[in-house]
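Shown next, in structure tokens, is the structure this report addresses.
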Amino acid sequence: MKHKAIVIAVYIALTACSAETGTPTGAATRPPAPADTRTQTTSGTTGSEGIPAALVGTWASKDGDLVLRLERDGTFEEDLNGTPAAYKGSYVVREKSFHLSADNGAKAEGGIVGDAHHLELSGYQLWR
């Protein structure tokens, strides 16, 4: 009798969990899609990972204080105030913006002006 009570308790718990998540009892579950899905947002050919080809390359402020290299694979490297590779990490593109996530946990959001005519990041305007 004790075994039957345990089986019933487990069944009720699993049914409650399925009801909360909207998953039918016994149905296979799929992890949610990643939130940082890369999308093409500007005209032109895209590189791998859906990064617009127009963004890939080296961008710099006119005074040279900020140099940003955006790679085709969705990684970046940023030189800041003469410090090479001050920040490194990955980036995603959404609409007319790009989001940098550095390996050290720092995050920044930049803007894409026109069809990647220039970029805006942390108060700087970046050009090719």
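Ligands are numbered from 1 in the order shown, residues from 1 within each chain, and chains are lettered A, B, ... in the order they appear in the structure tokens.
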- Long-range neighbours of range 87-92 of chain A as a PyMOL selection string, 8 Å cut-off, only C-alpha atoms, 2 positions minimum in chain: chain A and resi 36-39+51+74-79+85+94+98-104
Would you put the residues from that selection into a file with C-alpha atoms, as a PDB file, in the first residue's frame?
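Final output, saved to part_37.pdb:
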ATOM      1  CA  ASP A  36      20.456  36.080 -28.418  1.00  0.00           C
ATOM      2  CA  THR A  37      19.436  34.704 -31.816  1.00  0.00           C
ATOM      3  CA  ARG A  38      21.373  36.676 -34.404  1.00  0.00           C
ATOM      4  CA  THR A  39      19.398  38.350 -37.158  1.00  0.00           C
ATOM      5  CA  ILE A  51      25.902  38.798 -39.022  1.00  0.00           C
ATOM      6  CA  GLY A  74      29.985  37.050 -33.815  1.00  0.00           C
ATOM      7  CA  THR A  75      33.029  37.849 -31.691  1.00  0.00           C
ATOM      8  CA  PHE A  76      34.549  41.267 -31.078  1.00  0.00           C
ATOM      9  CA  GLU A  77      37.692  42.896 -29.742  1.00  0.00           C
ATOM     10  CA  GLU A  78      37.854  46.498 -28.560  1.00  0.00           C
ATOM     11  CA  ASP A  79      40.926  48.677 -28.015  1.00  0.00           C
ATOM     12  CA  ALA A  85      42.089  44.176 -26.496  1.00  0.00           C
ATOM     13  CA  ARG A  94      19.041  43.258 -33.392  1.00  0.00           C
ATOM     14  CA  PHE A  98      24.230  45.616 -31.607  1.00  0.00           C
ATOM     15  CA  HIS A  99      24.873  44.237 -28.151  1.00  0.00           C
ATOM     16  CA  LEU A 100      28.379  43.490 -26.875  1.00  0.00           C
ATOM     17  CA  SER A 101      28.962  40.967 -24.076  1.00  0.00           C
ATOM     18  CA  ALA A 102      32.571  40.981 -22.921  1.00  0.00           C
ATOM     19  CA  ASP A 103      34.255  37.944 -21.426  1.00  0.00           C
ATOM     20  CA  ASN A 104      34.702  39.873 -18.151  1.00  0.00           C
TER      21      ASN A 104
END
- Message: Given only C-alpha atoms as the basis, pick out the residue of A:Val93, A:Ala106, A:Ala53, A:Ala60 nearest to Leu119 in chain A.
- Response: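 Selected residue with least distance to Leu119 in chain A: A:Ala60.
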- Message: So the first atom is CA of Ala108 in chain A and the second is CA of Ser122 in chain A; what is the distance between them in Å, to one decimal place?
- Response: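 Computed distance, CA of Ala108 in chain A to CA of Ser122 in chain A, equals 7.5 Å.
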- Query: How many Å separate CA of Lys62 in chain A from CA of His117 in chain A?
  - Reply: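 Pair CA of Lys62 in chain A / CA of His117 in chain A returns 14.2 Å.
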- Item | Atom pair CA of Lys96 in chain A / CA of Asp63 in chain A: separation (Å) |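 Between these atoms lies a distance of 24.3 Å.
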- Message: Neighbouring residues of Val113 in chain A were defined as those with any atom within 10 Å, considering only C-alpha atoms; residues of the same chain fewer than 3 positions away were excluded. Please report them as a PyMOL selection string.
- Response: chain A and resi 42+96-97+110+116-120+125
Output file for the residues above (N, CA and C atoms, as a PDB file, in the first residue's frame):
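again_22.pdb, written as the output of this step:
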ATOM      1  N   THR A  42      20.558  44.823 -41.660  1.00  0.00           N
ATOM      2  CA  THR A  42      20.901  45.836 -42.650  1.00  0.00           C
ATOM      3  C   THR A  42      20.972  45.174 -44.010  1.00  0.00           C
ATOM      4  N   LYS A  96      18.331  47.896 -35.388  1.00  0.00           N
ATOM      5  CA  LYS A  96      19.378  48.890 -35.683  1.00  0.00           C
ATOM      6  C   LYS A  96      20.331  49.046 -34.500  1.00  0.00           C
ATOM      7  N   SER A  97      20.571  47.943 -33.784  1.00  0.00           N
ATOM      8  CA  SER A  97      21.497  47.997 -32.657  1.00  0.00           C
ATOM      9  C   SER A  97      22.332  46.720 -32.612  1.00  0.00           C
ATOM     10  N   GLY A 110      25.244  49.345 -28.779  1.00  0.00           N
ATOM     11  CA  GLY A 110      25.594  50.357 -29.759  1.00  0.00           C
ATOM     12  C   GLY A 110      24.513  50.483 -30.811  1.00  0.00           C
ATOM     13  N   ALA A 116      24.725  50.760 -41.972  1.00  0.00           N
ATOM     14  CA  ALA A 116      26.072  50.601 -41.417  1.00  0.00           C
ATOM     15  C   ALA A 116      27.019  51.662 -41.961  1.00  0.00           C
ATOM     16  N   HIS A 117      26.493  52.893 -42.128  1.00  0.00           N
ATOM     17  CA  HIS A 117      27.328  54.025 -42.536  1.00  0.00           C
ATOM     18  C   HIS A 117      28.352  54.321 -41.452  1.00  0.00           C
ATOM     19  N   HIS A 118      27.882  54.353 -40.209  1.00  0.00           N
ATOM     20  CA  HIS A 118      28.780  54.418 -39.064  1.00  0.00           C
ATOM     21  C   HIS A 118      28.061  53.823 -37.857  1.00  0.00           C
ATOM     22  N   LEU A 119      28.815  53.607 -36.778  1.00  0.00           N
ATOM     23  CA  LEU A 119      28.276  53.022 -35.557  1.00  0.00           C
ATOM     24  C   LEU A 119      28.394  54.016 -34.424  1.00  0.00           C
ATOM     25  N   GLU A 120      27.527  53.882 -33.443  1.00  0.00           N
ATOM     26  CA  GLU A 120      27.602  54.687 -32.225  1.00  0.00           C
ATOM     27  C   GLU A 120      27.758  53.729 -31.049  1.00  0.00           C
ATOM     28  N   GLN A 125      31.394  57.956 -32.076  1.00  0.00           N
ATOM     29  CA  GLN A 125      30.961  57.603 -33.414  1.00  0.00           C
ATOM     30  C   GLN A 125      32.119  56.878 -34.069  1.00  0.00           C
TER      31      GLN A 125
END
For Gly57 in chain A, work out the shell of residues within 10 Å, counting only C-alpha atoms and skipping chain neighbours fewer than 2 positions away, then give it as a PDB file with all heavy atoms, in the first residue's frame.
ATOM      1  N   ALA A  53      27.147  41.460 -43.347  1.00  0.00           N
ATOM      2  CA  ALA A  53      28.502  41.645 -43.862  1.00  0.00           C
ATOM      3  C   ALA A  53      28.952  43.099 -43.741  1.00  0.00           C
ATOM      4  O   ALA A  53      30.133  43.370 -43.557  1.00  0.00           O
ATOM      5  CB  ALA A  53      28.580  41.179 -45.310  1.00  0.00           C
ATOM      6  N   ALA A  54      28.007  44.038 -43.813  1.00  0.00           N
ATOM      7  CA  ALA A  54      28.349  45.459 -43.725  1.00  0.00           C
ATOM      8  C   ALA A  54      28.921  45.841 -42.352  1.00  0.00           C
ATOM      9  O   ALA A  54      29.583  46.861 -42.224  1.00  0.00           O
ATOM     10  CB  ALA A  54      27.117  46.312 -44.021  1.00  0.00           C
ATOM     11  N   LEU A  55      28.675  45.033 -41.320  1.00  0.00           N
ATOM     12  CA  LEU A  55      29.195  45.342 -39.981  1.00  0.00           C
ATOM     13  C   LEU A  55      30.563  44.741 -39.716  1.00  0.00           C
ATOM     14  O   LEU A  55      31.305  45.226 -38.868  1.00  0.00           O
ATOM     15  CB  LEU A  55      28.229  44.837 -38.909  1.00  0.00           C
ATOM     16  CG  LEU A  55      26.906  45.552 -38.790  1.00  0.00           C
ATOM     17  CD1 LEU A  55      26.086  44.950 -37.664  1.00  0.00           C
ATOM     18  CD2 LEU A  55      27.108  47.031 -38.562  1.00  0.00           C
ATOM     19  N   TRP A  59      36.247  49.230 -36.973  1.00  0.00           N
ATOM     20  CA  TRP A  59      35.606  50.546 -36.824  1.00  0.00           C
ATOM     21  C   TRP A  59      36.411  51.339 -35.807  1.00  0.00           C
ATOM     22  O   TRP A  59      36.886  50.784 -34.823  1.00  0.00           O
ATOM     23  CB  TRP A  59      34.180  50.370 -36.318  1.00  0.00           C
ATOM     24  CG  TRP A  59      33.307  49.578 -37.231  1.00  0.00           C
ATOM     25  CD1 TRP A  59      33.213  48.215 -37.319  1.00  0.00           C
ATOM     26  CD2 TRP A  59      32.410  50.102 -38.204  1.00  0.00           C
ATOM     27  NE1 TRP A  59      32.308  47.871 -38.277  1.00  0.00           N
ATOM     28  CE2 TRP A  59      31.794  49.003 -38.836  1.00  0.00           C
ATOM     29  CE3 TRP A  59      32.060  51.392 -38.595  1.00  0.00           C
ATOM     30  CZ2 TRP A  59      30.853  49.155 -39.836  1.00  0.00           C
ATOM     31  CZ3 TRP A  59      31.114  51.541 -39.591  1.00  0.00           C
ATOM     32  CH2 TRP A  59      30.522  50.442 -40.206  1.00  0.00           C
ATOM     33  N   LEU A  68      37.042  49.193 -32.633  1.00  0.00           N
ATOM     34  CA  LEU A  68      36.191  48.018 -32.454  1.00  0.00           C
ATOM     35  C   LEU A  68      36.313  47.122 -33.675  1.00  0.00           C
ATOM     36  O   LEU A  68      36.101  47.564 -34.803  1.00  0.00           O
ATOM     37  CB  LEU A  68      34.733  48.467 -32.274  1.00  0.00           C
ATOM     38  CG  LEU A  68      33.684  47.379 -32.147  1.00  0.00           C
ATOM     39  CD1 LEU A  68      33.890  46.568 -30.861  1.00  0.00           C
ATOM     40  CD2 LEU A  68      32.292  48.005 -32.159  1.00  0.00           C
ATOM     41  N   ARG A  69      36.692  45.858 -33.440  1.00  0.00           N
ATOM     42  CA  ARG A  69      36.772  44.883 -34.518  1.00  0.00           C
ATOM     43  C   ARG A  69      35.636  43.883 -34.347  1.00  0.00           C
ATOM     44  O   ARG A  69      35.572  43.172 -33.336  1.00  0.00           O
ATOM     45  CB  ARG A  69      38.133  44.173 -34.501  1.00  0.00           C
ATOM     46  CG  ARG A  69      39.254  45.059 -35.025  1.00  0.00           C
ATOM     47  CD  ARG A  69      40.626  44.415 -34.937  1.00  0.00           C
ATOM     48  NE  ARG A  69      41.087  44.204 -33.568  1.00  0.00           N
ATOM     49  CZ  ARG A  69      41.519  45.186 -32.761  1.00  0.00           C
ATOM     50  NH1 ARG A  69      41.537  46.435 -33.184  1.00  0.00           N
ATOM     51  NH2 ARG A  69      41.933  44.916 -31.547  1.00  0.00           N
ATOM     52  N   LEU A  70      34.747  43.853 -35.334  1.00  0.00           N
ATOM     53  CA  LEU A  70      33.624  42.924 -35.330  1.00  0.00           C
ATOM     54  C   LEU A  70      33.938  41.797 -36.306  1.00  0.00           C
ATOM     55  O   LEU A  70      34.188  42.047 -37.485  1.00  0.00           O
ATOM     56  CB  LEU A  70      32.336  43.642 -35.748  1.00  0.00           C
ATOM     57  CG  LEU A  70      31.903  44.793 -34.850  1.00  0.00           C
ATOM     58  CD1 LEU A  70      30.682  45.498 -35.430  1.00  0.00           C
ATOM     59  CD2 LEU A  70      31.611  44.300 -33.432  1.00  0.00           C
ATOM     60  N   GLU A  71      33.965  40.583 -35.807  1.00  0.00           N
ATOM     61  CA  GLU A  71      34.307  39.421 -36.628  1.00  0.00           C
ATOM     62  C   GLU A  71      33.048  38.758 -37.177  1.00  0.00           C
ATOM     63  O   GLU A  71      31.969  38.878 -36.607  1.00  0.00           O
ATOM     64  CB  GLU A  71      35.118  38.411 -35.796  1.00  0.00           C
ATOM     65  CG  GLU A  71      36.408  38.963 -35.222  1.00  0.00           C
ATOM     66  CD  GLU A  71      37.416  39.373 -36.286  1.00  0.00           C
ATOM     67  OE1 GLU A  71      37.379  38.819 -37.406  1.00  0.00           O
ATOM     68  OE2 GLU A  71      38.256  40.249 -35.999  1.00  0.00           O
ATOM     69  N   ARG A  72      33.212  38.057 -38.263  1.00  0.00           N
ATOM     70  CA  ARG A  72      32.109  37.373 -38.940  1.00  0.00           C
ATOM     71  C   ARG A  72      31.462  36.306 -38.055  1.00  0.00           C
ATOM     72  O   ARG A  72      30.282  36.006 -38.183  1.00  0.00           O
ATOM     73  CB  ARG A  72      32.636  36.741 -40.226  1.00  0.00           C
ATOM     74  CG  ARG A  72      31.602  36.162 -41.131  1.00  0.00           C
ATOM     75  CD  ARG A  72      32.195  35.751 -42.462  1.00  0.00           C
ATOM     76  NE  ARG A  72      32.891  36.840 -43.120  1.00  0.00           N
ATOM     77  CZ  ARG A  72      32.313  37.740 -43.922  1.00  0.00           C
ATOM     78  NH1 ARG A  72      31.035  37.676 -44.153  1.00  0.00           N
ATOM     79  NH2 ARG A  72      33.026  38.691 -44.481  1.00  0.00           N
ATOM     80  N   PHE A  76      34.004  39.918 -30.920  1.00  0.00           N
ATOM     81  CA  PHE A  76      34.549  41.267 -31.078  1.00  0.00           C
ATOM     82  C   PHE A  76      35.774  41.436 -30.205  1.00  0.00           C
ATOM     83  O   PHE A  76      35.998  40.699 -29.248  1.00  0.00           O
ATOM     84  CB  PHE A  76      33.502  42.335 -30.721  1.00  0.00           C
ATOM     85  CG  PHE A  76      33.332  42.547 -29.238  1.00  0.00           C
ATOM     86  CD1 PHE A  76      34.058  43.532 -28.571  1.00  0.00           C
ATOM     87  CD2 PHE A  76      32.464  41.763 -28.509  1.00  0.00           C
ATOM     88  CE1 PHE A  76      33.914  43.730 -27.201  1.00  0.00           C
ATOM     89  CE2 PHE A  76      32.305  41.958 -27.143  1.00  0.00           C
ATOM     90  CZ  PHE A  76      33.026  42.943 -26.486  1.00  0.00           C
ATOM     91  N   ARG A 128      34.706  53.400 -40.576  1.00  0.00           N
ATOM     92  CA  ARG A 128      35.648  52.426 -41.165  1.00  0.00           C
ATOM     93  C   ARG A 128      36.912  53.124 -41.580  1.00  0.00           C
ATOM     94  O   ARG A 128      36.979  54.214 -41.935  1.00  0.00           O
ATOM     95  CB  ARG A 128      35.021  51.793 -42.396  1.00  0.00           C
ATOM     96  CG  ARG A 128      33.953  50.823 -41.994  1.00  0.00           C
ATOM     97  CD  ARG A 128      33.714  49.899 -43.171  1.00  0.00           C
ATOM     98  NE  ARG A 128      32.648  49.031 -42.821  1.00  0.00           N
ATOM     99  CZ  ARG A 128      32.815  47.775 -42.451  1.00  0.00           C
ATOM    100  NH1 ARG A 128      33.992  47.254 -42.408  1.00  0.00           N
ATOM    101  NH2 ARG A 128      31.815  47.021 -42.156  1.00  0.00           N
TER     102      ARG A 128
END
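Among the candidate residues A:Ala86, A:Asp65, A:Thr58, A:Glu95, the one lying nearest to Asp115 in chain A is A:Glu95, with distances computed using only C-alpha atoms.
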- Item | Closest of A:Ser61, A:Asn81, A:Gly50, A:Val56 to Leu126 in chain A - atom-to-atom distances counting only C-alpha atoms |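 Going through A:Ser61, A:Asn81, A:Gly50, A:Val56 one by one, the smallest distance to Leu126 in chain A is for A:Ser61.
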